[in-house]
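Shown next: data_28.cif, given as mmCIF, C-alpha atoms.
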```
data_input
loop_
_atom_site.label_atom_id
_atom_site.label_comp_id
_atom_site.auth_asym_id
_atom_site.auth_seq_id
_atom_site.Cartn_x
_atom_site.Cartn_y
_atom_site.Cartn_z
CA MET A 341 35.22 35.91 15.89
CA LYS A 342 33.10 33.96 18.32
CA ARG A 343 29.40 33.77 19.00
CA ASN A 344 26.52 32.98 21.36
CA SER A 345 24.83 31.12 24.21
CA ALA A 346 22.55 32.81 26.79
CA LEU A 347 19.15 34.18 27.64
CA LEU A 348 18.40 36.42 24.65
CA LEU A 349 14.70 36.66 25.44
CA LEU A 350 15.36 38.14 28.87
CA LEU A 351 17.95 40.47 27.39
CA TYR A 352 15.62 41.73 24.69
CA VAL A 353 12.87 42.49 27.21
CA THR A 354 15.43 44.28 29.35
CA ALA A 355 16.58 46.17 26.27
CA VAL A 356 13.20 47.85 25.95
CA LEU A 357 13.53 49.11 29.51
CA LEU A 358 17.17 50.10 29.50
CA LEU A 359 18.46 51.08 26.09
CA GLY A 360 15.52 53.29 25.37
CA CYS A 361 16.19 55.46 28.40
CA GLY A 362 18.60 58.18 29.31
CA LYS A 363 19.82 59.13 25.85
CA LYS A 364 22.36 61.91 25.51
CA ALA A 365 23.16 64.06 22.54
CA ASP A 366 26.23 63.24 20.47
CA PRO A 367 29.26 65.33 21.48
CA ALA A 368 29.75 66.57 17.92
CA PRO A 369 27.31 68.24 15.48
CA SER A 370 24.80 65.96 13.81
CA ALA A 371 25.92 64.60 10.47
CA ALA A 372 24.15 65.49 7.28
CA PRO A 373 21.91 62.79 5.79
CA SER A 374 23.39 60.52 3.12
CA GLY A 375 23.51 62.35 -0.18
CA GLY A 376 23.10 65.76 1.45
CA ALA A 377 25.54 68.57 2.04
CA ALA A 378 28.80 67.67 3.73
CA ALA A 379 28.59 67.80 7.52
CA PRO A 380 31.11 69.88 9.45
CA GLU A 381 34.25 67.99 10.38
CA PRO A 382 34.22 66.92 14.04
CA LYS A 383 37.09 68.04 16.20
CA ALA A 384 39.75 65.51 17.12
CA GLY A 385 39.85 64.37 20.71
CA GLY A 386 37.47 62.72 23.10
CA GLU A 387 37.02 59.00 23.66
CA LEU A 388 35.33 56.07 21.97
CA ASN A 389 34.04 53.10 23.94
CA LEU A 390 34.32 49.94 21.85
CA LEU A 391 32.78 46.61 22.92
CA ALA A 392 34.14 43.90 20.63
CA TRP A 393 35.03 40.23 20.38
CA SER A 394 38.16 39.04 22.15
CA GLU A 395 41.17 38.34 19.92
CA TYR A 396 39.64 40.27 17.02
CA VAL A 397 40.83 43.89 17.09
CA PRO A 398 44.57 44.52 16.52
CA GLN A 399 46.09 47.02 18.93
CA GLU A 400 47.96 48.69 16.06
CA VAL A 401 44.60 49.52 14.45
CA LEU A 402 43.41 51.22 17.63
CA ASP A 403 46.73 53.03 18.04
CA GLY A 404 46.68 54.20 14.41
CA PHE A 405 43.18 55.62 14.78
CA THR A 406 44.10 57.43 17.97
CA LYS A 407 47.29 58.85 16.45
CA GLU A 408 45.40 60.20 13.47
CA THR A 409 42.29 61.55 15.19
CA GLY A 410 43.26 62.14 18.80
CA ILE A 411 40.32 59.97 19.84
CA LYS A 412 41.23 57.45 22.54
CA VAL A 413 39.63 54.03 22.04
CA ASN A 414 38.63 52.13 25.16
CA TYR A 415 38.43 48.48 24.02
CA GLU A 416 36.45 46.05 26.14
CA ALA A 417 36.18 42.44 25.03
CA PHE A 418 33.41 39.86 25.11
CA ALA A 419 33.25 36.16 24.17
CA SER A 420 29.65 35.80 23.01
CA ASN A 421 26.85 37.88 21.56
CA GLU A 422 24.87 37.33 24.73
CA GLU A 423 27.71 38.53 26.94
CA MET A 424 27.83 41.63 24.76
CA MET A 425 24.10 42.16 25.23
CA SER A 426 24.44 41.77 28.99
CA LYS A 427 27.18 44.39 29.15
CA LEU A 428 25.28 46.68 26.82
CA LEU A 429 22.18 46.53 28.98
CA ALA A 430 23.90 46.68 32.36
CA GLY A 431 24.45 50.41 31.89
CA GLY A 432 27.83 50.57 33.63
CA THR A 433 29.45 51.81 30.42
CA ARG A 434 27.78 53.62 27.53
CA TYR A 435 29.27 52.03 24.43
CA ASP A 436 29.73 53.95 21.19
CA LEU A 437 30.51 50.90 19.07
CA ILE A 438 29.63 47.24 19.40
CA GLN A 439 30.56 44.23 17.26
CA PRO A 440 27.51 41.95 16.99
CA SER A 441 27.07 38.98 14.69
CA GLU A 442 24.39 39.03 12.04
CA TYR A 443 21.51 37.49 14.01
CA THR A 444 22.16 39.88 16.89
CA VAL A 445 22.16 42.83 14.49
CA GLU A 446 18.80 41.55 13.27
CA ALA A 447 17.44 41.38 16.81
CA LEU A 448 18.72 44.85 17.74
CA VAL A 449 17.23 46.38 14.59
CA LYS A 450 13.86 44.82 15.44
CA GLN A 451 14.09 46.38 18.90
CA LYS A 452 15.12 49.75 17.39
CA LYS A 453 18.25 49.74 19.50
CA LEU A 454 20.77 50.77 16.83
CA LYS A 455 21.41 54.21 15.37
CA GLU A 456 21.03 54.53 11.62
CA LEU A 457 24.39 55.19 9.98
CA ASP A 458 25.26 58.32 8.02
CA HIS A 459 26.85 56.87 4.89
CA ALA A 460 28.21 60.30 3.99
CA ARG A 461 30.65 59.87 6.88
CA ILE A 462 31.62 56.34 5.79
CA PRO A 463 32.68 56.73 2.13
CA ASN A 464 34.97 53.69 2.39
CA LEU A 465 31.86 51.56 2.63
CA LYS A 466 32.26 51.30 -1.13
CA ASN A 467 35.05 48.77 -0.49
CA ILE A 468 32.65 46.15 0.89
CA ALA A 469 32.18 43.29 -1.57
CA PRO A 470 28.72 42.93 -3.15
CA VAL A 471 28.25 39.48 -1.59
CA PHE A 472 28.20 41.10 1.86
CA ARG A 473 25.42 43.47 0.84
CA GLY A 474 21.78 42.50 0.64
CA GLN A 475 22.13 40.15 3.60
CA PRO A 476 18.90 39.42 5.51
CA HIS A 477 20.00 41.04 8.78
CA ASP A 478 20.78 44.47 7.23
CA ALA A 479 20.26 44.48 3.48
CA GLU A 480 21.22 48.12 2.90
CA LEU A 481 23.90 48.34 5.60
CA LYS A 482 21.80 51.02 7.27
CA TYR A 483 22.85 49.93 10.75
CA SER A 484 26.03 47.90 10.44
CA VAL A 485 29.41 47.78 8.72
CA PRO A 486 30.92 44.32 8.08
CA TRP A 487 34.13 43.68 10.00
CA MET A 488 34.99 40.05 9.17
CA ALA A 489 33.17 36.90 8.16
CA SER A 490 33.75 33.28 9.05
CA THR A 491 32.31 29.83 9.34
CA VAL A 492 32.73 26.80 11.60
CA GLY A 493 34.87 23.92 10.45
CA ILE A 494 36.72 20.85 11.65
CA VAL A 495 40.46 20.80 12.26
CA VAL A 496 42.24 17.47 12.49
CA ASN A 497 45.76 16.79 13.72
CA THR A 498 46.74 14.37 10.96
CA GLU A 499 49.73 13.13 12.96
CA LYS A 500 47.34 11.68 15.55
CA VAL A 501 44.14 10.95 13.60
CA LYS A 502 44.57 8.64 10.63
CA GLU A 503 40.91 7.82 9.96
CA PRO A 504 39.08 10.03 7.43
CA ILE A 505 37.03 12.83 9.01
CA LYS A 506 34.36 14.34 6.79
CA GLY A 507 31.73 15.74 9.11
CA TYR A 508 30.35 16.17 12.62
CA LYS A 509 29.22 12.57 12.96
CA ASP A 510 32.78 11.43 12.21
CA VAL A 511 34.13 13.68 14.97
CA PHE A 512 31.69 12.84 17.73
CA GLN A 513 32.47 9.17 18.14
CA PRO A 514 33.27 7.33 21.40
CA LYS A 515 36.80 6.53 20.19
CA TYR A 516 37.60 10.26 20.22
CA LYS A 517 36.35 10.88 23.74
CA GLY A 518 38.67 13.31 25.53
CA ARG A 519 40.40 14.24 22.27
CA ILE A 520 38.01 16.99 21.08
CA VAL A 521 37.86 20.76 21.53
CA ALA A 522 34.55 22.38 20.62
CA LEU A 523 33.21 25.90 20.73
CA ASN A 524 31.68 26.91 24.04
CA ASP A 525 28.59 28.04 22.22
CA ALA A 526 25.15 26.59 22.81
CA ARG A 527 23.58 27.60 19.54
CA GLU A 528 26.53 26.27 17.55
CA LEU A 529 26.43 22.91 19.33
CA VAL A 530 22.70 22.54 18.74
CA SER A 531 23.01 23.54 15.09
CA TRP A 532 25.59 20.81 14.45
CA VAL A 533 23.23 18.13 15.70
CA LEU A 534 20.27 19.66 13.88
CA VAL A 535 21.97 19.57 10.47
CA THR A 536 23.36 16.10 11.13
CA MET A 537 19.79 14.90 11.75
CA GLY A 538 18.46 16.52 8.58
CA HIS A 539 17.12 19.81 9.97
CA LYS A 540 18.11 23.38 9.16
CA ALA A 541 20.34 25.13 11.65
CA ASP A 542 17.55 27.58 12.59
CA ASP A 543 14.86 24.91 12.92
CA VAL A 544 14.64 25.33 16.69
CA THR A 545 11.34 24.20 18.17
CA PRO A 546 10.43 22.26 21.32
CA GLU A 547 9.94 19.24 19.08
CA THR A 548 13.32 19.43 17.33
CA LEU A 549 15.13 20.09 20.60
CA ALA A 550 13.51 17.03 22.14
CA LYS A 551 14.50 15.00 19.09
CA ILE A 552 18.18 15.96 19.18
CA LYS A 553 18.59 15.90 22.96
CA PRO A 554 19.87 12.29 23.28
CA THR A 555 22.47 12.79 20.53
CA LEU A 556 23.52 16.17 21.88
CA ALA A 557 23.97 14.66 25.35
CA GLU A 558 26.30 11.99 23.96
CA TRP A 559 28.32 14.51 21.95
CA ILE A 560 28.83 16.78 24.96
CA LYS A 561 30.24 13.88 26.98
CA LEU A 562 32.96 13.35 24.35
CA VAL A 563 34.35 16.90 24.47
CA LYS A 564 37.45 17.55 26.55
CA VAL A 565 37.58 21.34 26.16
CA PHE A 566 34.85 23.88 25.41
CA ASP A 567 36.53 27.09 24.25
CA SER A 568 35.25 29.94 22.10
CA ASP A 569 38.06 32.41 22.85
CA SER A 570 41.10 30.49 21.62
CA PRO A 571 40.19 26.91 20.69
CA LYS A 572 43.35 26.63 18.59
CA THR A 573 45.40 26.59 21.80
CA ALA A 574 44.34 23.10 22.84
CA LEU A 575 45.28 21.80 19.39
CA LEU A 576 48.62 23.60 19.33
CA ASN A 577 49.49 22.30 22.79
CA GLY A 578 48.60 18.74 21.85
CA ASP A 579 45.89 18.52 24.48
CA VAL A 580 43.38 17.39 21.84
CA ASP A 581 43.54 16.00 18.31
CA ILE A 582 40.31 17.27 16.74
CA GLY A 583 38.53 20.60 16.92
CA VAL A 584 35.22 22.03 15.77
CA ILE A 585 36.19 25.69 15.75
CA TRP A 586 35.99 29.11 14.08
CA SER A 587 37.53 29.26 10.63
CA GLY A 588 39.83 32.13 11.63
CA GLU A 589 41.30 30.02 14.41
CA ALA A 590 41.68 27.16 11.94
CA ALA A 591 43.45 29.53 9.54
CA ILE A 592 46.08 30.30 12.18
CA LEU A 593 46.65 26.58 12.68
CA HIS A 594 47.00 26.17 8.91
CA GLN A 595 49.59 28.96 8.85
CA THR A 596 51.47 27.26 11.69
CA ASP A 597 51.68 23.82 10.03
CA LYS A 598 49.46 23.16 7.04
CA LYS A 599 50.59 19.55 6.75
CA LYS A 600 49.79 18.76 10.36
CA PHE A 601 46.48 20.63 10.72
CA GLN A 602 43.83 19.82 8.13
CA PHE A 603 40.75 22.04 7.75
CA ILE A 604 37.48 20.39 6.74
CA LEU A 605 34.07 21.86 6.01
CA PRO A 606 31.51 19.52 7.60
CA ALA A 607 29.78 17.31 5.04
CA GLU A 608 26.45 17.80 6.80
CA GLY A 609 26.67 21.54 6.16
CA THR A 610 27.66 24.64 8.07
CA HIS A 611 26.76 28.32 8.08
CA LYS A 612 28.49 31.64 7.60
CA ALA A 613 28.79 34.34 10.22
CA ILE A 614 29.18 38.06 9.58
CA ASP A 615 30.48 40.18 12.43
CA SER A 616 29.90 43.89 12.06
CA LEU A 617 30.36 47.22 13.76
CA ALA A 618 27.16 48.95 14.89
CA ILE A 619 26.27 51.96 17.01
CA PRO A 620 23.95 51.48 20.01
CA ASP A 621 20.94 53.73 20.31
CA ASN A 622 22.35 55.37 23.45
CA ALA A 623 25.88 55.95 22.11
CA GLN A 624 27.37 59.30 23.09
CA ASN A 625 29.95 59.62 20.30
CA LYS A 626 28.21 58.63 17.07
CA ILE A 627 30.45 60.73 14.83
CA GLY A 628 33.60 59.28 16.39
CA ALA A 629 32.13 55.81 15.86
CA GLU A 630 31.49 56.54 12.19
CA MET A 631 35.01 57.89 11.84
CA PHE A 632 36.32 54.60 13.22
CA MET A 633 34.11 52.63 10.82
CA ASN A 634 35.51 54.56 7.89
CA TYR A 635 39.06 54.16 9.18
CA ILE A 636 38.93 50.35 9.42
CA LEU A 637 37.52 50.18 5.88
CA ARG A 638 40.71 51.67 4.44
CA PRO A 639 42.41 48.85 2.52
CA GLU A 640 45.72 49.15 4.36
CA VAL A 641 44.02 49.18 7.76
CA SER A 642 41.70 46.32 6.90
CA LYS A 643 44.74 44.34 5.77
CA LEU A 644 46.23 44.72 9.26
CA ILE A 645 43.15 43.00 10.66
CA SER A 646 43.56 40.10 8.22
CA ASP A 647 47.26 39.81 9.04
CA LYS A 648 46.52 39.38 12.75
CA PHE A 649 43.19 37.57 12.59
CA PRO A 650 42.87 35.69 9.27
CA TYR A 651 39.11 35.42 8.93
CA THR A 652 37.32 36.19 5.66
CA ASN A 653 37.86 39.85 4.84
CA PRO A 654 34.76 41.47 3.25
CA ASN A 655 36.85 44.41 2.01
CA MET A 656 37.70 43.73 -1.64
CA GLU A 657 40.31 46.46 -1.81
CA ALA A 658 42.06 45.05 1.25
CA ARG A 659 42.12 41.59 -0.29
CA LYS A 660 44.20 42.99 -3.14
CA LEU A 661 46.93 43.70 -0.59
CA LEU A 662 47.01 40.16 0.83
CA THR A 663 49.64 37.66 -0.22
CA PRO A 664 48.80 34.65 -2.43
CA GLU A 665 49.44 32.45 0.62
CA GLN A 666 46.87 34.36 2.67
CA LEU A 667 44.26 34.15 -0.06
CA ALA A 668 44.96 30.43 -0.58
CA ASN A 669 44.37 29.56 3.08
CA PRO A 670 41.32 27.24 2.90
CA ALA A 671 40.11 28.27 6.34
CA SER A 672 40.38 32.00 5.62
CA TYR A 673 38.49 31.87 2.34
CA PRO A 674 36.04 28.95 2.29
CA PRO A 675 33.01 29.13 -0.08
CA LEU A 676 30.86 31.37 2.14
CA THR A 677 28.54 32.42 -0.70
CA GLU A 678 27.05 28.92 -0.61
CA MET A 679 26.14 29.21 3.08
CA GLU A 680 23.28 30.85 4.97
CA THR A 681 23.58 32.89 8.14
CA PHE A 682 21.93 32.34 11.51
CA HIS A 683 18.73 34.30 12.08
CA ASP A 684 17.22 35.78 15.20
CA ILE A 685 15.15 33.02 16.85
CA GLY A 686 13.78 35.08 19.74
CA LYS A 687 12.82 33.17 22.88
CA ALA A 688 14.03 29.87 21.42
CA ALA A 689 17.58 31.06 22.26
CA ALA A 690 16.73 30.68 25.94
CA ASP A 691 15.49 27.13 25.31
CA ILE A 692 18.79 26.26 23.62
CA ASP A 693 20.81 27.72 26.45
CA LYS A 694 18.90 25.82 29.12
CA LEU A 695 19.17 22.55 27.22
CA VAL A 696 22.95 22.80 26.74
CA THR A 697 23.57 24.07 30.27
CA ASP A 698 21.61 21.17 31.76
CA LEU A 699 23.35 18.59 29.59
CA LYS A 700 26.80 19.93 30.43
CA ALA A 701 25.97 19.80 34.14
CA ALA A 702 24.73 16.24 33.80
CA SER A 703 27.91 15.16 32.03
CA GLU A 704 30.24 16.34 34.79
#
```

Same coordinates, now as structure tokens:
Amino acid sequence: MKRNSALLLLLYVTAVLLLGCGKKADPAPSAAPSGGAAAPEPKAGGELNLLAWSEYVPQEVLDGFTKETGIKVNYEAFASNEEMMSKLLAGGTRYDLIQPSEYTVEALVKQKKLKELDHARIPNLKNIAPVFRGQPHDAELKYSVPWMASTVGIVVNTEKVKEPIKGYKDVFQPKYKGRIVALNDARELVSWVLVTMGHKADDVTPETLAKIKPTLAEWIKLVKVFDSDSPKTALLNGDVDIGVIWSGEAAILHQTDKKKFQFILPAEGTHKAIDSLAIPDNAQNKIGAEMFMNYILRPEVSKLISDKFPYTNPNMEARKLLTPEQLANPASYPPLTEMETFHDIGKAAADIDKLVTDLKAASE
């Protein structure tokens, strides 16, 4: 799981011009509406173009789907929601499935750029826990199927850091300069300063950005590595001693050495993220995409995802198959119900990106 940082406003405007054009019919018969008569079974074969987060989709899951259905899955990775949007809009590949985070789902729904799902083809949707339904970005799961959830937390190498770390302001201190890995994610960075200064994570205005700019500039100067793909690597290699990273990455560190790597939820507050599968408006293989959605919601398949990438699994039936050790991992299963999600902030995303880009350049 990873997240954002680019020019969403420009991408959304481009979306109106690009995604709404050149649609093709699905290669299989249209599915019956939810609650209606069963649709004819699609024939096995064909291909499915999947655009998903890096280090998030186990190869054995793709292989299992192909073996069962005959449908080849072409998996292309991205490292941020905005990179995903850029690829989606570039038009070089027509994607059948994408893996956006909640605020990007919200934005795409507003732009009418996602196909509505046929729940009759996704009966395993019943396995999704109630807490992942009714969410602001897609309350009825009309457009998206939850894949995994996560949050951002602090990981401390307790062999190197002896002082207590409770929150962001404890991490971003001059004495830790050059010892920190942080997500390469503009919106995340800004949200950490916002909540530390008493604002909500989505309270992004010209005034709040101006207020946090001096603090954000100082924090950026302290970071040795910005990495959203595999921030755990710098900690495992001993290149840094503290990380502000995805909870799934922290969970892997906890599995590696739970005494050495301590996971901490920031005292100032953090947010939850829900990554989902969704079908772009110009997808060519909608039925194949829905077949894949239903496949990954099988408990035994969903468990494979947790085994490889230990984020928070929204599939309650899959959780029953996890070991007590997996369920007890504090980074895999933090108290997400107490947290809010990011929301679509429109053109303010471009303001965040410019601010962080300029400050990073100035710090070099």

request  = Give as a VMD selection string every residue, naming chains and numbers as the document does, that has an atom within 12 Å of (22.2, 54.0, 18.0), counting all atoms listed in the file.
outcome  = chain A and resid 359 to 360 363 to 366 428 434 to 438 445 448 to 449 451 to 458 482 to 484 617 to 627 629 to 630

key: Nearest residue to Gly404 (chain A) from the set A:Arg659, A:Arg638, A:Lys427, A:Lys700 (distances using all atoms listed in the file)   =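 Answer, going by the shortest atom-to-atom distance: A:Arg638.
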
key: Close residues, region 569-576 of chain A itself excluded, 12 Å, all atoms listed in the file, min 3 positions apart in chain, as a PyMOL selection string   = chain A and resi 341-344+393-396+417-420+492-500+518-525+563-566+579-597+600-602+649

task = Decode the PyMOL selection byres ((chain A and resi 608) around 10) for the given file into explicit residues and return them as a PyMOL selection string.
result = chain A and resi 506-509+532-538+605-607+609-610

key: Top pick for closest residue to Lys412 (chain A), considering A:Glu387, A:Glu665, A:Glu528, A:Glu400 and counting all atoms listed in the file   =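 Nearest to Lys412 (chain A): A:Glu387.
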
inquiry  = Give me, as a list in words, all polymer residues having an atom no more than 7 Å from Ile468 (chain A), counting all atoms listed in the file and skipping those fewer than 4 positions away in the same chain.
reply    =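 Listed by chain and then number, they are Phe472, Pro654, Asn655 and Met656 of chain A.
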
query = Of the candidates A:Thr548, A:Asn653, A:Ser426, A:Ser703, which one gets nearest to Pro674 (chain A) if we count only C-alpha atoms?
reply =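 Of the candidates, the smallest distance to Pro674 (chain A) is held by A:Asn653.
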
inquiry  = If I take CA of Leu556 (chain A) and CA of Ser568 (chain A), how far is one from the other in Å, to one decimal?
reply    =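 Going from CA of Leu556 (chain A) over to CA of Ser568 (chain A) covers 18.1 Å.
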
Which residues, written as an mmCIF file with C-alpha atoms, keeping the file's coordinate frame, have at least one atom at most 7 Å from Glu442 (chain A), with all atoms listed in the file counted and residues fewer than 6 positions away on the same chain left out?
```cif
data_model
loop_
_atom_site.group_PDB
_atom_site.id
_atom_site.type_symbol
_atom_site.label_atom_id
_atom_site.label_comp_id
_atom_site.auth_asym_id
_atom_site.auth_seq_id
_atom_site.Cartn_x
_atom_site.Cartn_y
_atom_site.Cartn_z
ATOM 1 C CA HIS A 477 20.000 41.040 8.780
ATOM 2 C CA ALA A 613 28.790 34.340 10.220
ATOM 3 C CA ILE A 614 29.180 38.060 9.580
ATOM 4 C CA ASP A 615 30.480 40.180 12.430
#
```

ask   = Hey, which of A:Tyr415, A:Phe405, A:Tyr673, A:Tyr516 ends up closest to Leu637 (chain A)? Count only C-alpha atoms.
value = A:Phe405

query = What is the distance, in Å and to one decimal place, between CA of Thr545 (chain A) and CA of Ala688 (chain A)?
reply = 7.1 Å

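Minimum distance to Ala550 (chain A) across A:Val511, A:Leu695, A:Ala430, A:Leu676 (counting only C-alpha atoms) occurs at A:Leu695.
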
request  = Would you mind telling me which residue in A:Glu657, A:Glu446, A:Glu558, A:Glu640 lies nearest to Gln513 (chain A) when using all atoms listed in the file?
outcome  =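 Among A:Glu657, A:Glu446, A:Glu558, A:Glu640, it is A:Glu558 that comes nearest to Gln513 (chain A).
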